[in-house]
file protein32.txt (compact mmCIF, C-alpha atoms)
# COMPACT_ATOMS: atom_id res chain seq x y z
CA MET T 1 -8.37 33.45 11.28
CA PHE T 2 -8.66 29.94 9.79
CA THR T 3 -11.11 28.87 12.52
CA GLU T 4 -13.32 31.91 11.90
CA ALA T 5 -13.26 31.31 8.14
CA ASN T 6 -14.28 27.68 8.74
CA ALA T 7 -17.16 28.79 10.94
CA TRP T 8 -18.35 31.21 8.24
CA PHE T 9 -18.05 28.48 5.59
CA PHE T 10 -20.57 26.26 7.39
CA ARG T 11 -22.75 29.03 8.74
CA LEU T 12 -23.38 30.55 5.29
CA ARG T 13 -24.52 27.14 4.05
CA ALA T 14 -27.07 26.74 6.82
CA ASP T 15 -30.74 26.91 5.89
CA ASP T 16 -31.40 29.72 8.36
CA ALA T 17 -28.51 31.97 7.28
CA GLY T 18 -30.18 35.32 6.59
CA ARG T 19 -29.32 38.64 5.01
CA ALA T 20 -28.04 40.16 8.27
CA GLU T 21 -25.53 37.35 8.70
CA ARG T 22 -24.34 37.68 5.15
CA GLU T 23 -23.79 41.38 5.73
CA ARG T 24 -21.75 40.58 8.86
CA PHE T 25 -19.73 38.11 6.83
CA ALA T 26 -19.04 40.75 4.19
CA ALA T 27 -17.86 43.15 6.90
CA TRP T 28 -15.62 40.45 8.40
CA LEU T 29 -14.19 39.52 5.01
CA THR T 30 -13.20 43.10 4.17
CA ALA T 31 -11.93 43.98 7.66
CA SER T 32 -8.48 42.49 7.07
CA PRO T 33 -6.44 40.97 4.23
CA LEU T 34 -5.80 38.04 6.60
CA HIS T 35 -9.55 37.33 6.67
CA ALA T 36 -9.69 37.20 2.89
CA GLU T 37 -6.62 34.95 2.78
CA ALA T 38 -8.13 32.56 5.33
CA TRP T 39 -11.41 32.47 3.39
CA ASP T 40 -9.57 31.61 0.15
CA THR T 41 -7.69 28.85 1.97
CA VAL T 42 -10.89 27.29 3.31
CA GLN T 43 -12.58 27.34 -0.09
CA ALA T 44 -9.51 25.85 -1.75
CA LEU T 45 -9.30 23.12 0.90
CA PHE T 46 -12.88 22.01 0.36
CA ALA T 47 -12.45 22.18 -3.41
CA ASP T 48 -9.46 19.83 -3.11
CA LEU T 49 -11.48 17.39 -1.01
CA GLU T 50 -14.69 17.51 -3.04
CA ALA T 51 -13.49 15.40 -5.98
CA PRO T 52 -12.17 12.43 -3.97
CA ALA T 53 -15.22 12.53 -1.74
CA LYS T 54 -17.52 12.31 -4.77
CA ALA T 55 -15.43 9.43 -6.08
CA VAL T 56 -15.96 7.52 -2.85
CA ARG T 57 -19.72 8.08 -3.02
CA LEU T 58 -19.81 6.80 -6.62
CA GLN T 59 -17.74 3.78 -5.66
CA THR T 60 -20.11 3.01 -2.80
CA ALA T 61 -23.13 3.22 -5.10
CA ALA T 62 -21.58 1.03 -7.84
CA PRO T 63 -23.16 -2.40 -8.58
CA LEU T 64 -21.75 -5.37 -6.70
CA THR T 65 -20.65 -6.92 -10.00
CA ALA T 66 -18.38 -3.99 -10.80
CA LYS T 67 -14.67 -4.65 -11.04
CA ARG T 68 -12.92 -4.31 -7.68
CA PRO T 69 -10.64 -1.24 -7.70
CA ARG T 70 -7.03 -1.42 -6.68
CA ARG T 71 -6.56 -1.43 -2.90
CA ARG T 72 -4.27 1.59 -2.92
CA ARG T 73 -6.77 3.77 -4.77
CA THR T 74 -9.63 2.69 -2.51
CA ALA T 75 -7.58 3.46 0.58
CA SER T 76 -6.70 6.91 -0.74
CA MET T 77 -10.30 7.80 -1.47
CA ALA T 78 -11.47 6.43 1.87
CA ALA T 79 -8.84 8.53 3.61
CA ALA T 80 -10.06 11.62 1.77
CA LEU T 81 -13.66 10.93 2.81
CA ALA T 82 -12.57 10.32 6.38
CA ALA T 83 -10.70 13.61 6.32
CA CYS T 84 -13.87 15.40 5.18
CA ALA T 85 -15.84 13.78 7.98
CA VAL T 86 -13.22 14.69 10.57
CA LEU T 87 -13.15 18.31 9.43
CA ILE T 88 -16.91 18.66 9.70
CA ALA T 89 -16.91 16.97 13.10
CA VAL T 90 -14.20 19.08 14.67
CA LEU T 91 -15.06 22.53 13.39
CA PRO T 92 -16.57 24.63 16.21
CA GLN T 93 -19.63 26.08 14.52
CA SER T 94 -20.63 28.04 17.65
CA THR T 95 -17.28 29.85 17.77
CA LEU T 96 -18.35 32.68 15.50
CA LEU T 97 -21.53 33.37 17.49
CA GLN T 98 -19.57 33.38 20.74
CA ASN T 99 -17.08 35.83 19.26
CA LEU T 100 -19.93 38.14 18.28
CA GLN T 101 -21.31 37.96 21.84
CA SER T 102 -17.94 38.56 23.49
CA ASP T 103 -16.06 41.69 24.48
CA TYR T 104 -12.71 39.97 23.91
CA HIS T 105 -11.77 36.77 22.14
CA THR T 106 -8.73 34.97 20.74
CA ALA T 107 -8.19 32.79 17.71
CA THR T 108 -6.52 29.38 17.73
CA GLY T 109 -2.92 29.77 18.91
CA GLU T 110 -3.42 33.38 20.03
CA GLN T 111 -3.11 34.78 23.56
CA ARG T 112 -4.27 38.24 24.64
CA LEU T 113 -3.68 40.32 27.77
CA VAL T 114 -6.60 42.57 28.76
CA THR T 115 -6.55 45.25 31.48
CA LEU T 116 -10.00 46.01 32.88
CA THR T 117 -11.20 49.42 34.05
CA ASP T 118 -10.64 48.51 37.73
CA GLY T 119 -7.00 47.59 37.11
CA SER T 120 -7.60 43.82 37.09
CA ARG T 121 -5.89 41.90 34.34
CA LEU T 122 -6.89 38.78 32.47
CA LEU T 123 -4.81 36.72 30.08
CA LEU T 124 -6.92 34.94 27.48
CA ASN T 125 -5.53 31.65 26.29
CA THR T 126 -5.98 30.15 22.82
CA ASP T 127 -9.46 30.05 21.25
CA SER T 128 -11.20 31.78 24.16
CA ALA T 129 -13.98 34.34 24.52
CA VAL T 130 -15.25 36.44 27.45
CA GLY T 131 -17.97 38.96 28.15
CA ILE T 132 -17.32 41.79 30.64
CA GLU T 133 -19.80 43.60 32.89
CA MET T 134 -18.49 46.21 35.35
CA THR T 135 -20.85 48.00 37.76
CA ALA T 136 -20.41 49.97 40.97
CA ALA T 137 -21.57 46.94 42.98
CA GLU T 138 -19.66 44.11 41.33
CA ARG T 139 -17.36 43.00 38.55
CA ARG T 140 -18.42 40.07 36.37
CA VAL T 141 -16.68 38.12 33.61
CA THR T 142 -18.53 35.44 31.63
CA LEU T 143 -16.23 32.83 30.10
CA LEU T 144 -18.00 31.73 26.95
CA ARG T 145 -15.30 29.23 26.01
CA GLY T 146 -11.63 28.50 26.51
CA GLU T 147 -9.40 29.57 29.37
CA ALA T 148 -8.29 32.72 31.16
CA PHE T 149 -5.94 33.64 33.99
CA PHE T 150 -7.11 36.43 36.29
CA GLU T 151 -5.11 38.85 38.44
CA VAL T 152 -7.86 40.63 40.35
CA ALA T 153 -7.38 44.10 41.83
CA ARG T 154 -8.36 44.02 45.50
CA ALA T 155 -11.76 45.61 46.21
CA PRO T 156 -13.50 44.01 49.25
CA GLN T 157 -16.75 45.90 48.68
CA ARG T 158 -16.90 45.04 44.99
CA PRO T 159 -16.66 41.26 44.43
CA PHE T 160 -15.25 39.86 41.22
CA TRP T 161 -17.24 37.01 39.66
CA VAL T 162 -16.24 34.62 36.89
CA VAL T 163 -19.13 32.62 35.44
CA ALA T 164 -18.50 29.64 33.13
CA GLY T 165 -21.58 27.67 32.22
CA ASP T 166 -23.30 26.80 35.50
CA ALA T 167 -20.09 27.08 37.52
CA ARG T 168 -18.93 30.32 39.07
CA ALA T 169 -16.06 31.70 41.16
CA ARG T 170 -16.06 34.68 43.55
CA VAL T 171 -13.07 36.68 44.79
CA THR T 172 -12.22 40.17 45.98
CA GLY T 173 -8.55 40.07 45.03
CA THR T 174 -6.42 37.09 43.99
CA ALA T 175 -4.86 35.23 41.04
CA PHE T 176 -6.49 32.16 39.53
CA SER T 177 -7.45 30.50 36.25
CA VAL T 178 -10.76 29.27 34.88
CA GLY T 179 -10.98 26.86 31.97
CA ARG T 180 -14.12 25.75 30.18
CA ARG T 181 -14.60 22.82 27.81
CA SER T 182 -18.31 22.61 27.05
CA GLU T 183 -19.92 21.55 30.38
CA ASN T 184 -16.57 20.90 32.06
CA VAL T 185 -15.13 23.79 34.08
CA ALA T 186 -11.89 23.88 36.09
CA VAL T 187 -10.93 26.59 38.59
CA THR T 188 -7.27 26.61 39.71
CA VAL T 189 -5.88 29.00 42.34
CA ALA T 190 -2.35 30.43 42.19
CA GLU T 191 -2.68 33.09 44.92
CA GLY T 192 -5.28 34.10 47.53
CA ARG T 193 -8.64 32.45 48.10
CA VAL T 194 -11.46 31.62 45.68
CA GLU T 195 -15.01 30.53 46.51
CA THR T 196 -16.61 28.33 43.86
CA SER T 197 -20.23 27.27 43.54
CA THR T 198 -22.89 26.91 40.84
CA GLU T 199 -25.74 29.07 39.65
CA SER T 200 -28.11 26.19 40.47
CA HIS T 201 -26.80 25.72 44.03
CA PRO T 202 -25.16 28.96 45.18
CA GLU T 203 -25.27 27.84 48.81
CA GLN T 204 -22.92 24.90 48.14
CA ILE T 205 -19.58 26.73 48.33
CA THR T 206 -16.23 25.07 47.77
CA ALA T 207 -13.31 27.19 48.99
CA LEU T 208 -9.96 26.94 47.23
CA THR T 209 -6.53 28.06 48.44
CA PRO T 210 -3.23 28.30 46.48
CA GLY T 211 -2.39 25.04 44.75
CA GLU T 212 -5.95 23.72 44.74
CA SER T 213 -8.31 23.08 41.84
CA ALA T 214 -12.05 22.41 41.58
CA HIS T 215 -13.64 20.68 38.62
CA TYR T 216 -17.30 21.05 37.72
CA ARG T 217 -19.40 19.13 35.25
CA GLY T 218 -22.55 21.09 34.61
CA ALA T 219 -24.10 21.92 37.98
CA ARG T 220 -22.12 19.29 39.89
CA LEU T 221 -18.72 19.48 41.61
CA SER T 222 -16.94 16.42 40.24
CA ALA T 223 -13.56 16.78 42.00
CA LYS T 224 -11.36 18.93 44.20
CA HIS T 225 -7.66 18.17 44.28
CA THR T 226 -4.14 19.54 44.61
CA ALA T 227 -2.95 21.13 41.38
CA ASP T 228 0.52 21.14 39.83
CA ILE T 229 0.50 24.90 39.28
CA PRO T 230 3.75 25.22 37.23
CA ARG T 231 2.59 22.49 34.87
CA GLU T 232 -1.11 23.37 34.61
CA LEU T 233 -0.45 27.08 34.11
CA ALA T 234 2.66 26.70 31.94
CA TRP T 235 0.66 28.11 29.03
CA ARG T 236 1.14 31.58 30.54
CA GLN T 237 4.84 31.24 29.67
CA GLY T 238 4.02 29.87 26.22
CA GLN T 239 4.68 26.23 27.06
CA MET T 240 2.94 22.87 27.39
CA VAL T 241 4.41 20.46 29.93
CA PHE T 242 3.63 16.73 29.89
CA VAL T 243 4.80 14.15 32.43
CA GLN T 244 3.95 10.56 31.46
CA ALA T 245 0.82 11.83 29.76
CA PRO T 246 -0.93 9.51 27.27
CA LEU T 247 -0.43 10.46 23.64
CA ALA T 248 -4.20 11.03 23.24
CA GLU T 249 -4.04 13.76 25.90
CA VAL T 250 -0.92 15.32 24.33
CA VAL T 251 -2.64 15.44 20.94
CA ALA T 252 -5.79 16.97 22.44
CA GLN T 253 -3.73 19.75 24.02
CA ILE T 254 -1.71 20.45 20.87
CA ASN T 255 -4.95 20.66 18.87
CA ARG T 256 -6.11 23.51 21.11
CA TYR T 257 -3.24 25.69 19.93
CA ARG T 258 -2.62 24.55 16.36
CA PRO T 259 -4.77 25.40 13.32
CA GLY T 260 -5.69 22.04 11.85
CA ARG T 261 -5.79 18.72 13.62
CA LEU T 262 -3.49 15.95 14.80
CA ILE T 263 -5.29 12.61 14.65
CA VAL T 264 -4.09 9.36 16.23
CA THR T 265 -4.93 6.67 13.66
CA ASP T 266 -3.48 3.74 15.63
CA PRO T 267 -5.55 3.05 18.80
CA GLN T 268 -2.60 1.19 20.32
CA LEU T 269 -0.67 4.47 20.48
CA GLU T 270 -3.31 6.46 22.36
CA ASN T 271 -2.06 5.44 25.80
CA ARG T 272 1.63 5.67 25.05
CA PRO T 273 3.22 7.82 27.81
CA ILE T 274 4.87 11.07 26.71
CA THR T 275 7.14 13.28 28.82
CA ALA T 276 8.04 16.51 27.03
CA VAL T 277 7.97 20.30 27.03
CA PHE T 278 6.66 21.97 23.88
CA ASN T 279 6.65 25.67 22.95
CA ILE T 280 3.19 26.80 21.94
CA ASP T 281 4.52 29.06 19.18
CA LYS T 282 6.59 26.22 17.66
CA LEU T 283 4.20 23.31 17.44
CA GLY T 284 5.77 22.16 14.20
CA ASP T 285 8.73 21.22 16.40
CA ALA T 286 6.35 19.26 18.63
CA VAL T 287 5.22 17.12 15.70
CA SER T 288 8.86 16.58 14.69
CA ALA T 289 9.69 15.55 18.27
CA LEU T 290 6.88 12.98 18.24
CA GLU T 291 8.45 11.58 15.06
CA GLN T 292 12.14 11.75 15.92
CA THR T 293 12.19 11.30 19.69
CA PHE T 294 9.24 8.98 20.20
CA GLY T 295 9.32 7.19 16.84
CA ILE T 296 5.70 7.97 15.95
CA ARG T 297 5.07 8.16 12.22
CA ALA T 298 3.43 11.41 11.06
CA ARG T 299 1.69 11.83 7.71
CA ARG T 300 0.69 15.35 6.67
CA ILE T 301 -2.40 16.02 4.53
CA ALA T 302 -3.09 19.41 2.90
CA ASP T 303 -1.02 21.23 5.56
CA TYR T 304 -4.01 20.86 7.86
CA TRP T 305 -4.19 17.32 9.20
CA VAL T 306 -1.37 15.27 10.67
CA LEU T 307 -2.09 11.55 11.00
CA LEU T 308 -0.11 9.85 13.77
CA GLY T 309 0.33 6.11 13.53
call {"tool": "encode", "arguments": {"input": "protein32.txt", "output": "structure tokens"}}
result
Amino acid sequence: MFTEANAWFFRLRADDAGRAERERFAAWLTASPLHAEAWDTVQALFADLEAPAKAVRLQTAAPLTAKRPRRRRTASMAAALAACAVLIAVLPQSTLLQNLQSDYHTATGEQRLVTLTDGSRLLLNTDSAVGIEMTAAERRVTLLRGEAFFEVARAPQRPFWVVAGDARARVTGTAFSVGRRSENVAVTVAEGRVETSTESHPEQITALTPGESAHYRGARLSAKHTADIPRELAWRQGQMVFVQAPLAEVVAQINRYRPGRLIVTDPQLENRPITAVFNIDKLGDAVSALEQTFGIRARRIADYWVLLG
């Protein structure tokens, strides 16, 4: 809910926000008490940040002869301005539009199991959106963002397609996952056989068998390799598994599931190796583990940001 409220906050302030969008916002706001609560939280958050941000701007514009402020105060105001900049940078302003285009979507930290009309099942991971098109000739799922695991009902005469950006996967009955991060798409096979290609070059087929993964960047196959299925698909059991993973990667993964952001403020910590198993529904424990087990200092700001370093 918080992510959607953030998206509305910026969208309604855009120059091209029209009456139709404002009517959709009104419908969203009244659809659930949770929506109204999230909207109040977003407005309160920006109200809290507005004053220190203005103070930083005034300080920046002050004459060079002005008295130098105390270092502690300057640091606090700079941190507030940096927090504002980070928030604006990380908020996914296309999320709301993708949700409106989708048949099914999930919010940050949410997972959703969907059973299609042919009996196939898909499990949507956090912050994901898909469009569904079922015809007598074929079955097609468009992954607009995020990640999904598919268990496809066998139908040899009715292929099942998953399209993510320019990349696509074709099966008639199998189990596999597709993840999309902007132009980067990964297809990982748990059971059966999957044929991957791109919309631009459909003739260039890469076949995958259980335990294999193909990675696409735009219209290009960037890598094919053996996948650690239990670790890469641990999210289906509500877990994240890291084995000697750099802290920057751990933080990026946690941020996918947690409203708000963890930010590594000390560049020297970004490559620190982390081996751990975290429960997706208890990510507060993950932050505590980074503090207590790995000795990484965590500073919390407005219950939204956590600064590591």
call {"tool": "closest_residue", "arguments": {"input": "protein32.txt", "among": "T:Gly284, T:Gly18, T:Pro230, T:Gly173", "to": "Arg258 in chain T", "atoms": "all atoms listed in the file"}}
result
T:Gly284
call {"tool": "atom_distance", "arguments": {"input": "protein32.txt", "atom1": "CA of Lys282 in chain T", "atom2": "CA of Asp127 in chain T"}}
result
16.9 Å
call {"tool": "closest_atom_pairs", "arguments": {"input": "protein32.txt", "of": "range 207-288 of chain T", "to": "range 304-308 of chain T", "cutoff": "12 Å", "atoms": "all atoms listed in the file", "output": "Markdown table"}}
result
| residue | atom | partner | partner_atom | distance |
| --- | --- | --- | --- | --- |
| T:Leu247 | CA | T:Leu308 | CA | 9.9 |
| T:Ala248 | CA | T:Leu308 | CA | 10.4 |
| T:Val250 | CA | T:Leu308 | CA | 11.9 |
| T:Val251 | CA | T:Leu308 | CA | 9.4 |
| T:Ile254 | CA | T:Val306 | CA | 11.4 |
| T:Asn255 | CA | T:Trp305 | CA | 10.3 |
| T:Arg258 | CA | T:Tyr304 | CA | 9.4 |
| T:Pro259 | CA | T:Tyr304 | CA | 7.1 |
| T:Gly260 | CA | T:Tyr304 | CA | 4.5 |
| T:Arg261 | CA | T:Trp305 | CA | 4.9 |
| T:Leu262 | CA | T:Val306 | CA | 4.7 |
| T:Ile263 | CA | T:Leu307 | CA | 5.0 |
| T:Val264 | CA | T:Leu308 | CA | 4.7 |
| T:Thr265 | CA | T:Leu308 | CA | 5.8 |
| T:Asp266 | CA | T:Leu308 | CA | 7.2 |
| T:Pro267 | CA | T:Leu308 | CA | 10.1 |
| T:Gln268 | CA | T:Leu308 | CA | 11.1 |
| T:Leu269 | CA | T:Leu308 | CA | 8.6 |
| T:Glu270 | CA | T:Leu308 | CA | 9.8 |
| T:Leu283 | CA | T:Val306 | CA | 11.9 |
| T:Gly284 | CA | T:Val306 | CA | 10.5 |
| T:Ala286 | CA | T:Val306 | CA | 11.8 |
| T:Val287 | CA | T:Val306 | CA | 8.5 |
| T:Ser288 | CA | T:Val306 | CA | 11.1 |
call {"tool": "write_last_selection", "arguments": {"input": "protein32.txt", "atoms": "C-alpha atoms", "output": "CSV table (one decimal), in the coordinates of the input"}}
result
chain,number,residue,atom,x,y,z
T,247,LEU,CA,-0.4,10.5,23.6
T,248,ALA,CA,-4.2,11.0,23.2
T,250,VAL,CA,-0.9,15.3,24.3
T,251,VAL,CA,-2.6,15.4,20.9
T,254,ILE,CA,-1.7,20.4,20.9
T,255,ASN,CA,-5.0,20.7,18.9
T,258,ARG,CA,-2.6,24.6,16.4
T,259,PRO,CA,-4.8,25.4,13.3
T,260,GLY,CA,-5.7,22.0,11.8
T,261,ARG,CA,-5.8,18.7,13.6
T,262,LEU,CA,-3.5,16.0,14.8
T,263,ILE,CA,-5.3,12.6,14.6
T,264,VAL,CA,-4.1,9.4,16.2
T,265,THR,CA,-4.9,6.7,13.7
T,266,ASP,CA,-3.5,3.7,15.6
T,267,PRO,CA,-5.6,3.0,18.8
T,268,GLN,CA,-2.6,1.2,20.3
T,269,LEU,CA,-0.7,4.5,20.5
T,270,GLU,CA,-3.3,6.5,22.4
T,283,LEU,CA,4.2,23.3,17.4
T,284,GLY,CA,5.8,22.2,14.2
T,286,ALA,CA,6.4,19.3,18.6
T,287,VAL,CA,5.2,17.1,15.7
T,288,SER,CA,8.9,16.6,14.7
call {"tool": "closest_residue", "arguments": {"input": "protein32.txt", "among": "T:Ile274, T:Ala223, T:Ala302, T:Ala155", "to": "Val185 in chain T", "atoms": "only C-alpha atoms"}}
result
T:Ala223
call {"tool": "closest_residue", "arguments": {"input": "protein32.txt", "among": "T:Tyr216, T:Phe149, T:Phe160, T:Trp235", "to": "Val189 in chain T", "atoms": "all atoms listed in the file"}}
result
T:Phe149
call {"tool": "atom_distance", "arguments": {"input": "protein32.txt", "atom1": "CA of Arg24 in chain T", "atom2": "CA of Leu100 in chain T"}}
result
9.9 Å
call {"tool": "axis_aligned_box", "arguments": {"input": "protein32.txt", "around": "range 253-265 of chain T", "padding_each_side": "5 Å", "output": "JSON"}}
result
{"center_x": -3.9, "center_y": 16.2, "center_z": 17.9, "size_x": 14.4, "size_y": 29.0, "size_z": 22.2}
call {"tool": "atom_distance", "arguments": {"input": "protein32.txt", "atom1": "CA of Thr172 in chain T", "atom2": "CA of Arg154 in chain T"}}
result
5.5 Å
call {"tool": "closest_residue", "arguments": {"input": "protein32.txt", "among": "T:Ala252, T:Gln239, T:Ala298, T:Thr196", "to": "Ala276 in chain T", "atoms": "all atoms listed in the file"}}
result
T:Gln239
call {"tool": "residues_around", "arguments": {"input": "protein32.txt", "residues": "Ala169 in chain T", "least_positions_apart": "4", "cutoff": "12 Å", "atoms": "only C-alpha atoms", "output": "MDAnalysis selection string"}}
result
chainID T and resid 139:143 150 159:165 173:179 185:189 193:199 202 204:208 213:216
call {"tool": "residues_around", "arguments": {"input": "protein32.txt", "residues": "Arg181 in chain T", "least_positions_apart": "6", "cutoff": "10 Å", "atoms": "only C-alpha atoms", "output": "NGL selection string"}}
result
:T and (144-147 or 164-165 or 217)
call {"tool": "residues_around", "arguments": {"input": "protein32.txt", "residues": "Asn125 in chain T", "least_positions_apart": "6", "cutoff": "10 Å", "atoms": "all atoms listed in the file", "output": "MDAnalysis selection string"}}
result
chainID T and resid 105:113 146:149 179 235:236 238 256:257
call {"tool": "decode", "arguments": {"input": "protein32.txt", "residues": "range 253-273 of chain T", "atoms": "N, CA, C and O atoms", "output": "PDB file, in the first residue's frame"}}
result
ATOM      1  N   GLN T 253      18.390  -7.117  -2.254  1.00  0.00           N
ATOM      2  CA  GLN T 253      17.340  -8.126  -2.158  1.00  0.00           C
ATOM      3  C   GLN T 253      16.347  -7.800  -1.042  1.00  0.00           C
ATOM      4  O   GLN T 253      15.139  -7.933  -1.222  1.00  0.00           O
ATOM      5  N   ILE T 254      16.846  -7.381   0.104  1.00  0.00           N
ATOM      6  CA  ILE T 254      15.950  -7.019   1.208  1.00  0.00           C
ATOM      7  C   ILE T 254      15.041  -5.869   0.793  1.00  0.00           C
ATOM      8  O   ILE T 254      13.843  -5.851   1.112  1.00  0.00           O
ATOM      9  N   ASN T 255      15.575  -4.916   0.045  1.00  0.00           N
ATOM     10  CA  ASN T 255      14.782  -3.757  -0.376  1.00  0.00           C
ATOM     11  C   ASN T 255      13.634  -4.143  -1.295  1.00  0.00           C
ATOM     12  O   ASN T 255      12.649  -3.412  -1.412  1.00  0.00           O
ATOM     13  N   ARG T 256      13.736  -5.292  -1.957  1.00  0.00           N
ATOM     14  CA  ARG T 256      12.634  -5.747  -2.811  1.00  0.00           C
ATOM     15  C   ARG T 256      11.407  -6.128  -1.990  1.00  0.00           C
ATOM     16  O   ARG T 256      10.279  -6.048  -2.487  1.00  0.00           O
ATOM     17  N   TYR T 257      11.632  -6.558  -0.765  1.00  0.00           N
ATOM     18  CA  TYR T 257      10.538  -7.093   0.048  1.00  0.00           C
ATOM     19  C   TYR T 257      10.103  -6.164   1.176  1.00  0.00           C
ATOM     20  O   TYR T 257       9.059  -6.396   1.785  1.00  0.00           O
ATOM     21  N   ARG T 258      10.850  -5.152   1.462  1.00  0.00           N
ATOM     22  CA  ARG T 258      10.601  -4.316   2.633  1.00  0.00           C
ATOM     23  C   ARG T 258      10.156  -2.920   2.220  1.00  0.00           C
ATOM     24  O   ARG T 258      10.845  -2.251   1.456  1.00  0.00           O
ATOM     25  N   PRO T 259       8.999  -2.444   2.712  1.00  0.00           N
ATOM     26  CA  PRO T 259       8.638  -1.045   2.478  1.00  0.00           C
ATOM     27  C   PRO T 259       9.707  -0.142   3.086  1.00  0.00           C
ATOM     28  O   PRO T 259      10.142  -0.348   4.215  1.00  0.00           O
ATOM     29  N   GLY T 260      10.152   0.843   2.337  1.00  0.00           N
ATOM     30  CA  GLY T 260      11.268   1.653   2.803  1.00  0.00           C
ATOM     31  C   GLY T 260      12.554   1.184   2.150  1.00  0.00           C
ATOM     32  O   GLY T 260      12.550   0.371   1.234  1.00  0.00           O
ATOM     33  N   ARG T 261      13.668   1.692   2.627  1.00  0.00           N
ATOM     34  CA  ARG T 261      14.940   1.373   2.006  1.00  0.00           C
ATOM     35  C   ARG T 261      16.053   1.205   3.029  1.00  0.00           C
ATOM     36  O   ARG T 261      16.150   1.977   3.988  1.00  0.00           O
ATOM     37  N   LEU T 262      16.885   0.185   2.811  1.00  0.00           N
ATOM     38  CA  LEU T 262      18.168   0.063   3.474  1.00  0.00           C
ATOM     39  C   LEU T 262      19.200   0.701   2.559  1.00  0.00           C
ATOM     40  O   LEU T 262      19.187   0.474   1.346  1.00  0.00           O
ATOM     41  N   ILE T 263      20.086   1.505   3.117  1.00  0.00           N
ATOM     42  CA  ILE T 263      21.084   2.219   2.334  1.00  0.00           C
ATOM     43  C   ILE T 263      22.447   2.007   2.978  1.00  0.00           C
ATOM     44  O   ILE T 263      22.620   2.269   4.173  1.00  0.00           O
ATOM     45  N   VAL T 264      23.410   1.511   2.202  1.00  0.00           N
ATOM     46  CA  VAL T 264      24.775   1.349   2.704  1.00  0.00           C
ATOM     47  C   VAL T 264      25.493   2.684   2.564  1.00  0.00           C
ATOM     48  O   VAL T 264      25.720   3.159   1.446  1.00  0.00           O
ATOM     49  N   THR T 265      25.825   3.316   3.680  1.00  0.00           N
ATOM     50  CA  THR T 265      26.447   4.640   3.652  1.00  0.00           C
ATOM     51  C   THR T 265      27.968   4.572   3.654  1.00  0.00           C
ATOM     52  O   THR T 265      28.621   5.575   3.371  1.00  0.00           O
ATOM     53  N   ASP T 266      28.530   3.414   3.979  1.00  0.00           N
ATOM     54  CA  ASP T 266      29.983   3.239   4.000  1.00  0.00           C
ATOM     55  C   ASP T 266      30.385   2.358   2.817  1.00  0.00           C
ATOM     56  O   ASP T 266      30.151   1.142   2.828  1.00  0.00           O
ATOM     57  N   PRO T 267      30.998   2.928   1.765  1.00  0.00           N
ATOM     58  CA  PRO T 267      31.357   2.139   0.578  1.00  0.00           C
ATOM     59  C   PRO T 267      32.249   0.939   0.896  1.00  0.00           C
ATOM     60  O   PRO T 267      32.234  -0.051   0.166  1.00  0.00           O
ATOM     61  N   GLN T 268      33.019   1.024   1.973  1.00  0.00           N
ATOM     62  CA  GLN T 268      33.913  -0.077   2.323  1.00  0.00           C
ATOM     63  C   GLN T 268      33.157  -1.324   2.774  1.00  0.00           C
ATOM     64  O   GLN T 268      33.723  -2.418   2.811  1.00  0.00           O
ATOM     65  N   LEU T 269      31.876  -1.158   3.117  1.00  0.00           N
ATOM     66  CA  LEU T 269      31.073  -2.293   3.565  1.00  0.00           C
ATOM     67  C   LEU T 269      30.356  -3.004   2.420  1.00  0.00           C
ATOM     68  O   LEU T 269      29.846  -4.105   2.606  1.00  0.00           O
ATOM     69  N   GLU T 270      30.290  -2.379   1.253  1.00  0.00           N
ATOM     70  CA  GLU T 270      29.463  -2.914   0.170  1.00  0.00           C
ATOM     71  C   GLU T 270      29.862  -4.319  -0.248  1.00  0.00           C
ATOM     72  O   GLU T 270      29.011  -5.122  -0.620  1.00  0.00           O
ATOM     73  N   ASN T 271      31.141  -4.630  -0.199  1.00  0.00           N
ATOM     74  CA  ASN T 271      31.614  -5.945  -0.628  1.00  0.00           C
ATOM     75  C   ASN T 271      31.837  -6.917   0.521  1.00  0.00           C
ATOM     76  O   ASN T 271      32.386  -8.005   0.310  1.00  0.00           O
ATOM     77  N   ARG T 272      31.410  -6.565   1.702  1.00  0.00           N
ATOM     78  CA  ARG T 272      31.581  -7.468   2.832  1.00  0.00           C
ATOM     79  C   ARG T 272      30.734  -8.723   2.627  1.00  0.00           C
ATOM     80  O   ARG T 272      29.524  -8.636   2.373  1.00  0.00           O
ATOM     81  N   PRO T 273      31.324  -9.923   2.699  1.00  0.00           N
ATOM     82  CA  PRO T 273      30.560 -11.153   2.437  1.00  0.00           C
ATOM     83  C   PRO T 273      29.594 -11.488   3.570  1.00  0.00           C
ATOM     84  O   PRO T 273      29.942 -11.410   4.745  1.00  0.00           O
TER      85      PRO T 273
END
